[in-house]
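To be precise, the following lines are final39.txt, and they hold compact mmCIF, C-alpha atoms and all ligand atoms.
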```txt
# COMPACT_ATOMS: atom_id res chain seq x y z
CA MET A 1 0.00 0.00 0.00
CA VAL A 2 1.26 3.48 -0.85
CA GLU A 3 1.49 5.80 2.17
CA PRO A 4 0.00 9.26 1.51
CA GLN A 5 2.87 11.72 1.13
CA ARG A 6 3.44 13.83 4.23
CA LYS A 7 3.90 17.58 3.87
CA SER A 8 7.22 18.93 5.12
CA TRP A 9 5.44 21.01 7.81
CA ASP A 10 3.23 18.14 9.04
CA LEU A 11 5.86 16.59 11.34
CA GLU A 12 5.65 15.15 14.84
CA GLN A 13 8.97 16.79 15.67
CA LEU A 14 9.27 20.44 14.68
CA PRO A 15 12.13 20.79 12.20
CA THR A 16 15.24 22.93 12.78
CA GLY A 17 17.88 24.62 10.63
CA GLU A 18 17.63 24.54 6.83
CA LYS A 19 14.85 21.91 7.04
CA LYS A 20 12.72 24.36 9.02
CA ALA A 21 13.32 27.23 6.56
CA GLN A 22 12.33 25.00 3.63
CA ALA A 23 9.21 23.70 5.44
CA VAL A 24 8.12 27.25 6.34
CA ARG A 25 8.61 28.50 2.80
CA ASP A 26 6.71 25.57 1.24
CA MET A 27 3.91 26.00 3.76
CA PHE A 28 3.41 29.72 3.08
CA ASP A 29 3.60 29.18 -0.68
CA THR A 30 0.72 26.72 -0.24
CA ILE A 31 -1.54 28.75 2.07
CA ALA A 32 -0.87 32.17 0.49
CA PRO A 33 -4.08 32.51 -1.57
CA ARG A 34 -6.36 32.15 1.48
CA TYR A 35 -3.98 33.49 4.12
CA ASP A 36 -5.78 36.83 4.65
CA ILE A 37 -9.31 35.45 4.91
CA VAL A 38 -8.30 32.73 7.41
CA ASN A 39 -6.42 35.34 9.49
CA ARG A 40 -9.41 37.64 9.66
CA ILE A 41 -11.78 34.85 10.66
CA MET A 42 -9.56 33.11 13.21
CA THR A 43 -8.63 36.35 15.03
CA PHE A 44 -12.07 38.01 14.69
CA ARG A 45 -10.17 40.85 12.94
CA LEU A 46 -8.04 41.49 16.04
CA ASP A 47 -5.00 41.06 13.76
CA VAL A 48 -5.91 44.35 12.06
CA ARG A 49 -5.88 46.10 15.42
CA TRP A 50 -2.55 44.52 16.45
CA ARG A 51 -0.84 45.70 13.25
CA ARG A 52 -2.27 49.22 13.68
CA ARG A 53 -0.88 49.36 17.20
CA ALA A 54 2.56 48.14 16.06
CA VAL A 55 2.85 50.79 13.33
CA ASN A 56 1.52 53.49 15.63
CA ASP A 57 4.05 52.57 18.34
CA LEU A 58 6.95 53.00 15.94
CA ARG A 59 6.42 56.73 16.60
CA LEU A 60 8.11 57.64 13.32
CA PRO A 61 7.18 60.74 11.32
CA ALA A 62 5.27 60.56 8.05
CA GLY A 63 7.54 59.85 5.11
CA SER A 64 9.81 57.49 7.09
CA VAL A 65 11.11 54.52 5.13
CA VAL A 66 10.16 51.32 6.93
CA ALA A 67 11.19 47.81 5.88
CA ASP A 68 8.48 45.27 6.62
CA LEU A 69 10.26 41.95 7.04
CA ALA A 70 8.60 38.60 6.39
CA SER A 71 5.88 40.80 4.96
CA GLY A 72 3.64 38.01 3.67
CA THR A 73 0.62 39.40 1.87
CA GLY A 74 1.51 42.97 2.87
CA ASP A 75 -0.95 43.78 5.66
CA LEU A 76 1.67 45.70 7.66
CA CYS A 77 2.82 47.51 4.50
CA ALA A 78 -0.76 48.65 3.90
CA GLU A 79 -0.99 49.91 7.49
CA LEU A 80 2.39 51.69 7.19
CA ARG A 81 1.17 53.44 4.07
CA ARG A 82 -2.12 54.32 5.78
CA GLN A 83 -0.11 56.02 8.54
CA GLY A 84 1.90 58.03 6.00
CA MET A 85 5.10 55.98 5.81
CA THR A 86 6.93 54.45 2.87
CA PRO A 87 7.01 50.67 3.21
CA LEU A 88 9.41 48.21 1.59
CA SER A 89 8.32 44.58 1.58
CA PHE A 90 10.67 41.56 2.00
CA ASP A 91 9.66 37.90 2.14
CA PHE A 92 11.15 34.62 0.91
CA SER A 93 7.84 33.06 -0.19
CA PHE A 94 6.99 33.87 -3.81
CA GLY A 95 3.43 32.70 -3.08
CA MET A 96 2.97 35.26 -0.31
CA LEU A 97 4.61 38.06 -2.32
CA ALA A 98 2.37 37.26 -5.28
CA ASN A 99 -0.66 37.79 -3.06
CA ASP A 100 0.64 41.11 -1.66
CA THR A 101 -1.93 43.75 -2.57
CA SER A 102 -0.26 46.64 -0.68
CA ARG A 103 1.42 48.10 -3.82
CA SER A 104 4.72 48.52 -1.97
CA PRO A 105 8.03 47.59 -3.64
CA ARG A 106 8.46 43.84 -3.07
CA THR A 107 11.71 41.90 -2.79
CA GLN A 108 12.11 38.15 -2.51
CA ALA A 109 14.77 37.71 0.19
CA ASP A 110 15.70 35.77 3.29
CA VAL A 111 15.33 38.26 6.14
CA LEU A 112 18.40 36.77 7.82
CA ARG A 113 20.48 38.21 4.93
CA LEU A 114 18.83 41.44 3.84
CA PRO A 115 19.74 43.09 0.54
CA LEU A 116 19.85 46.50 2.26
CA ARG A 117 22.75 48.82 3.02
CA SER A 118 23.70 49.42 6.66
CA ALA A 119 21.71 52.17 8.44
CA SER A 120 19.53 52.60 5.33
CA VAL A 121 16.00 52.51 6.82
CA ASP A 122 14.22 54.56 9.50
CA GLY A 123 12.33 51.64 10.93
CA ILE A 124 11.40 47.99 10.74
CA THR A 125 8.21 46.07 11.29
CA CYS A 126 7.86 42.30 11.40
CA GLY A 127 4.53 40.56 11.95
CA PHE A 128 4.04 37.00 13.17
CA ALA A 129 7.28 35.62 11.78
CA LEU A 130 9.76 35.46 14.67
CA ARG A 131 8.82 31.87 15.50
CA ASN A 132 9.38 30.87 11.88
CA LEU A 133 12.97 32.07 11.76
CA VAL A 134 15.88 29.70 12.13
CA GLU A 135 18.24 32.02 14.04
CA LEU A 136 16.69 34.85 16.09
CA PRO A 137 20.06 36.35 17.23
CA VAL A 138 21.18 36.53 13.59
CA PHE A 139 17.89 38.23 12.67
CA PHE A 140 18.17 40.78 15.49
CA HIS A 141 21.76 41.66 14.50
CA GLU A 142 20.58 42.09 10.90
CA LEU A 143 17.88 44.51 12.14
CA ALA A 144 20.51 46.45 14.07
CA ARG A 145 22.67 46.64 10.95
CA VAL A 146 20.02 48.05 8.57
CA VAL A 147 18.21 50.50 10.90
CA ARG A 148 19.75 53.98 11.16
CA PRO A 149 20.79 55.30 14.59
CA ALA A 150 17.65 56.35 16.56
CA GLY A 151 15.51 54.33 14.12
CA ARG A 152 12.74 52.17 15.54
CA ILE A 153 11.56 48.57 15.39
CA ALA A 154 8.17 46.97 16.14
CA LEU A 155 7.94 43.18 16.17
CA LEU A 156 4.67 41.28 16.61
CA ASP A 157 4.15 37.61 17.26
CA VAL A 158 1.71 35.27 18.93
CA SER A 159 2.16 34.69 22.65
CA VAL A 160 1.20 32.42 25.52
CA PRO A 161 -1.31 34.19 27.83
CA THR A 162 -0.21 34.32 31.46
CA ASN A 163 -3.74 33.94 32.90
CA PRO A 164 -4.31 30.13 33.23
CA PHE A 165 -7.97 30.35 32.18
CA VAL A 166 -7.21 32.45 29.07
CA ARG A 167 -4.24 30.14 28.33
CA TRP A 168 -6.49 27.07 28.49
CA GLY A 169 -9.11 28.67 26.18
CA ASN A 170 -6.40 29.86 23.82
CA SER A 171 -4.75 26.43 23.55
CA LEU A 172 -8.14 24.78 22.94
CA TYR A 173 -9.04 27.35 20.29
CA PHE A 174 -5.68 27.25 18.45
CA GLY A 175 -5.04 23.56 19.11
CA LYS A 176 -8.43 22.26 17.94
CA PHE A 177 -10.66 24.85 16.29
CA VAL A 178 -8.09 26.69 14.15
CA PRO A 179 -6.65 23.50 12.53
CA TRP A 180 -10.24 22.40 11.80
CA LEU A 181 -11.10 25.80 10.28
CA GLY A 182 -7.79 25.83 8.38
CA GLY A 183 -8.63 22.37 7.03
CA ILE A 184 -11.92 23.61 5.63
CA LEU A 185 -10.68 26.91 4.19
CA SER A 186 -7.03 26.19 3.45
CA ASP A 187 -4.61 23.52 4.72
CA ARG A 188 -5.07 21.59 7.96
CA ALA A 189 -1.40 20.71 8.47
CA ALA A 190 -0.34 24.35 8.14
CA TYR A 191 -2.90 25.53 10.70
CA GLY A 192 -1.91 22.63 12.96
CA TYR A 193 1.69 23.93 12.79
CA LEU A 194 0.56 27.36 14.07
CA PRO A 195 -0.06 26.44 17.76
CA ARG A 196 2.93 24.07 17.85
CA SER A 197 5.31 26.67 16.41
CA VAL A 198 4.86 28.92 19.48
CA SER A 199 7.30 26.63 21.27
CA TYR A 200 10.09 27.97 19.04
CA LEU A 201 9.78 31.38 20.75
CA PRO A 202 11.97 32.21 23.75
CA PRO A 203 10.16 33.78 26.76
CA PRO A 204 9.60 37.58 26.68
CA ALA A 205 12.53 38.48 28.96
CA GLN A 206 14.93 36.51 26.78
CA LEU A 207 13.56 38.07 23.58
CA SER A 208 14.09 41.54 25.04
CA GLN A 209 17.64 40.63 26.14
CA LEU A 210 18.48 39.30 22.67
CA LEU A 211 17.40 42.65 21.21
CA ARG A 212 19.55 44.56 23.72
CA ASP A 213 22.50 42.26 22.94
CA ALA A 214 22.04 43.09 19.25
CA GLY A 215 22.34 46.83 19.99
CA PHE A 216 18.80 48.11 20.67
CA ARG A 217 17.92 50.37 23.60
CA ASN A 218 14.59 51.31 25.22
CA VAL A 219 13.42 47.75 24.54
CA THR A 220 9.87 47.21 25.80
CA HIS A 221 7.59 44.18 25.70
CA HIS A 222 3.79 44.44 25.58
CA GLN A 223 1.07 41.81 25.86
CA LEU A 224 -1.87 42.59 23.57
CA SER A 225 -5.45 41.31 23.98
CA GLY A 226 -4.77 39.49 27.24
CA GLY A 227 -1.51 38.01 25.97
CA LEU A 228 -2.81 36.44 22.75
CA THR A 229 -0.15 38.48 20.96
CA GLN A 230 3.08 40.19 21.98
CA LEU A 231 4.68 43.38 20.70
CA LEU A 232 8.38 44.18 21.08
CA LEU A 233 9.57 47.75 20.56
CA GLY A 234 13.08 49.15 20.48
CA THR A 235 15.27 52.04 19.38
CA ARG A 236 18.59 51.68 17.56
C1 LIG B 301 2.68 34.26 9.52
S1 LIG B 301 3.30 35.00 8.07
C2 LIG B 301 3.20 36.72 8.48
C3 LIG B 301 3.01 37.61 7.29
C4 LIG B 301 2.80 39.08 7.62
N1 LIG B 301 3.96 39.65 8.27
C5 LIG B 301 1.57 39.32 8.46
O1 LIG B 301 1.64 40.09 9.42
O2 LIG B 301 0.52 38.77 8.13
C6 LIG B 301 5.02 34.68 8.19
C7 LIG B 301 5.81 35.10 6.96
O3 LIG B 301 7.20 34.98 7.22
C8 LIG B 301 7.85 34.63 6.03
N2 LIG B 301 9.17 34.13 6.39
C9 LIG B 301 9.48 33.18 7.30
N3 LIG B 301 10.81 33.02 7.38
C10 LIG B 301 11.37 33.90 6.52
C11 LIG B 301 12.71 34.22 6.16
N4 LIG B 301 13.75 33.60 6.72
N5 LIG B 301 12.91 35.18 5.23
C12 LIG B 301 11.85 35.82 4.66
N6 LIG B 301 10.58 35.56 4.95
C13 LIG B 301 10.34 34.61 5.88
C14 LIG B 301 6.90 33.61 5.42
O4 LIG B 301 7.14 33.41 4.05
C15 LIG B 301 5.54 34.27 5.71
O5 LIG B 301 5.15 35.09 4.65
```
Would you mind writing the structure in this file as structure tokens?
Amino acid sequence: MVEPQRKSWDLEQLPTGEKKAQAVRDMFDTIAPRYDIVNRIMTFRLDVRWRRRAVNDLRLPAGSVVADLASGTGDLCAELRRQGMTPLSFDFSFGMLANDTSRSPRTQADVLRLPLRSASVDGITCGFALRNLVELPVFFHELARVVRPAGRIALLDVSVPTNPFVRWGNSLYFGKFVPWLGGILSDRAAYGYLPRSVSYLPPPAQLSQLLRDAGFRNVTHHQLSGGLTQLLLGTR
């Protein structure tokens, strides 16, 4: 009997290194066409609010050039433009870039090796991608390289709520309901990866320390919507 072929992101053990990067890229290429609609439904549009807060908290003047890293379908780029900034979009998934409707300049690139000159942008945003990256310290040093002195960063990702009751509800929702919904609208394995991938993220204090080690100051960590999402801010 022929075993059905397993997708690279449908693994018992979460992959690491180059295997992880390849799995993440394949997965986003696959789910790109329905990525936005599933996001809106599964977060009850809270994701829109979280991105607005991240861009707002950059506290950069209109006209600032902001690189949105792991930009996906360009939601943060659209918000940056809405708040008067000039976004540049970078992602390694052609599928996601092809579905970017933000009309910002798009570049296919690995965000661990950015095709940007040192100190060339005023700010950086990155939404819901930290846990997908292979080497967070490398990423944070790359941010510190490309942001100009006094430039700002705003990084969003999912989080683990501290309140035990909210944590229980959250793990039930993302562990059971979201993979089911993803299976109907998009790809079950990919939306099963989502709750499991949170375990790649270091705890908040360690994330903040990694940013300081990379050269950022005024690093602050914020829990949004009861800790469903976290926002890290810093100044170069
Ligand atoms: C969950 S999506 C987030 C997209 C978008 N930032 C948002 O807020 O909706 C994660 C994105 O990270 C991208 N990504 C992951 N690792 C990457 C890497 N090393 N270089 C570039 N893009 C990467 C994926 O292709 C995907 O588009």
**Request:** Produce as a count of residues only the set of residues near ligand LIG 301 (chain B), where near means within 6 Å with all atoms listed in the file considered.
**Result:** 21
Which centre and which edge lengths, in Å to one decimal, describe the axis-aligned box that holds all listed atoms of stretch 23-40 of chain A after 3 Å is added on each side, as JSON?
```
{"center_x": -0.1, "center_y": 30.7, "center_z": 4.0, "size_x": 24.6, "size_y": 19.9, "size_z": 17.2}
```
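Atom pair atom CA of A:Ala62 / atom CA of A:His222 has a distance of 23.9 Å (rounded to one decimal).
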**Asked** So, counting only C-alpha atoms, which residue among A:Ile153, A:Leu58, A:Leu130, A:Ile124 is closest to A:Pro87?
**Response** A:Ile124
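Nearest residue to A:Leu156, choosing from A:Ala189, A:Val48, A:Met85, A:Met42 and counting only C-alpha atoms: A:Val48.
Counting all atoms listed in the file, the residue from A:Ser8, A:Arg34, A:Val55, A:Ser64 that sits nearest to A:Gly183 is A:Arg34.
Atom to atom, atom CA of A:Arg103 and atom CA of A:Phe139 stand 25.3 Å apart.
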**Message:** I want to know what sits within 8 Å of stretch 161-165 of chain A, based on only C-alpha atoms, with residues of the same chain fewer than 6 positions away left out; could you give that as a ChimeraX atom specification?
**Reply:** /A:226-228
Protein/DNA/RNA residues near (9.8, 30.9, 16.8), cut 10 Å, only C-alpha atoms, as a compact mmCIF listing (two decimals) with C-alpha atoms, in the coordinates of the input:
```txt
# COMPACT_ATOMS: atom_id res chain seq x y z
CA PHE A 128 4.04 37.00 13.17
CA ALA A 129 7.28 35.62 11.78
CA LEU A 130 9.76 35.46 14.67
CA ARG A 131 8.82 31.87 15.50
CA ASN A 132 9.38 30.87 11.88
CA LEU A 133 12.97 32.07 11.76
CA VAL A 134 15.88 29.70 12.13
CA GLU A 135 18.24 32.02 14.04
CA LEU A 136 16.69 34.85 16.09
CA ASP A 157 4.15 37.61 17.26
CA VAL A 158 1.71 35.27 18.93
CA ARG A 196 2.93 24.07 17.85
CA SER A 197 5.31 26.67 16.41
CA VAL A 198 4.86 28.92 19.48
CA SER A 199 7.30 26.63 21.27
CA TYR A 200 10.09 27.97 19.04
CA LEU A 201 9.78 31.38 20.75
CA PRO A 202 11.97 32.21 23.75
```
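Compared by their closest atoms to A:Ser186, and using all atoms listed in the file, the residues A:Asp36, A:Leu143, A:Gly151, A:Arg236 rank with A:Asp36 nearest.
The two atoms in question, atom CA of A:Arg51 and atom CA of A:Gly175, are spaced 23.3 Å apart.
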**Message:** Calculated over all atoms listed in the file, which of the candidates A:Ser102, A:Phe140, A:Arg145, A:Val160 has the smallest distance to A:Leu224?
**Reply:** A:Val160
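Comparing the minimum interatomic distances between A:Ile31 and each of A:Gly95, A:Gly192, A:Gly84, A:Pro15, counting only C-alpha atoms, we find that A:Gly95 sits nearest.
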Test item: residues at most 12 Å from A:Asn218, all atoms listed in the file, excluding those fewer than 6 positions along its chain, as a JSON list (two decimals) with C-alpha atoms, in the frame of the given file:
```
[["chain", "number", "residue", "atom", "x", "y", "z"],
["A", 150, "ALA", "CA", 17.65, 56.35, 16.56],
["A", 151, "GLY", "CA", 15.51, 54.33, 14.12],
["A", 152, "ARG", "CA", 12.74, 52.17, 15.54],
["A", 153, "ILE", "CA", 11.56, 48.57, 15.39],
["A", 154, "ALA", "CA", 8.17, 46.97, 16.14],
["A", 208, "SER", "CA", 14.09, 41.54, 25.04],
["A", 209, "GLN", "CA", 17.64, 40.63, 26.14],
["A", 211, "LEU", "CA", 17.40, 42.65, 21.21],
["A", 212, "ARG", "CA", 19.55, 44.56, 23.72],
["A", 232, "LEU", "CA", 8.38, 44.18, 21.08],
["A", 233, "LEU", "CA", 9.57, 47.75, 20.56],
["A", 234, "GLY", "CA", 13.08, 49.15, 20.48],
["A", 235, "THR", "CA", 15.27, 52.04, 19.38],
["A", 236, "ARG", "CA", 18.59, 51.68, 17.56]]
```
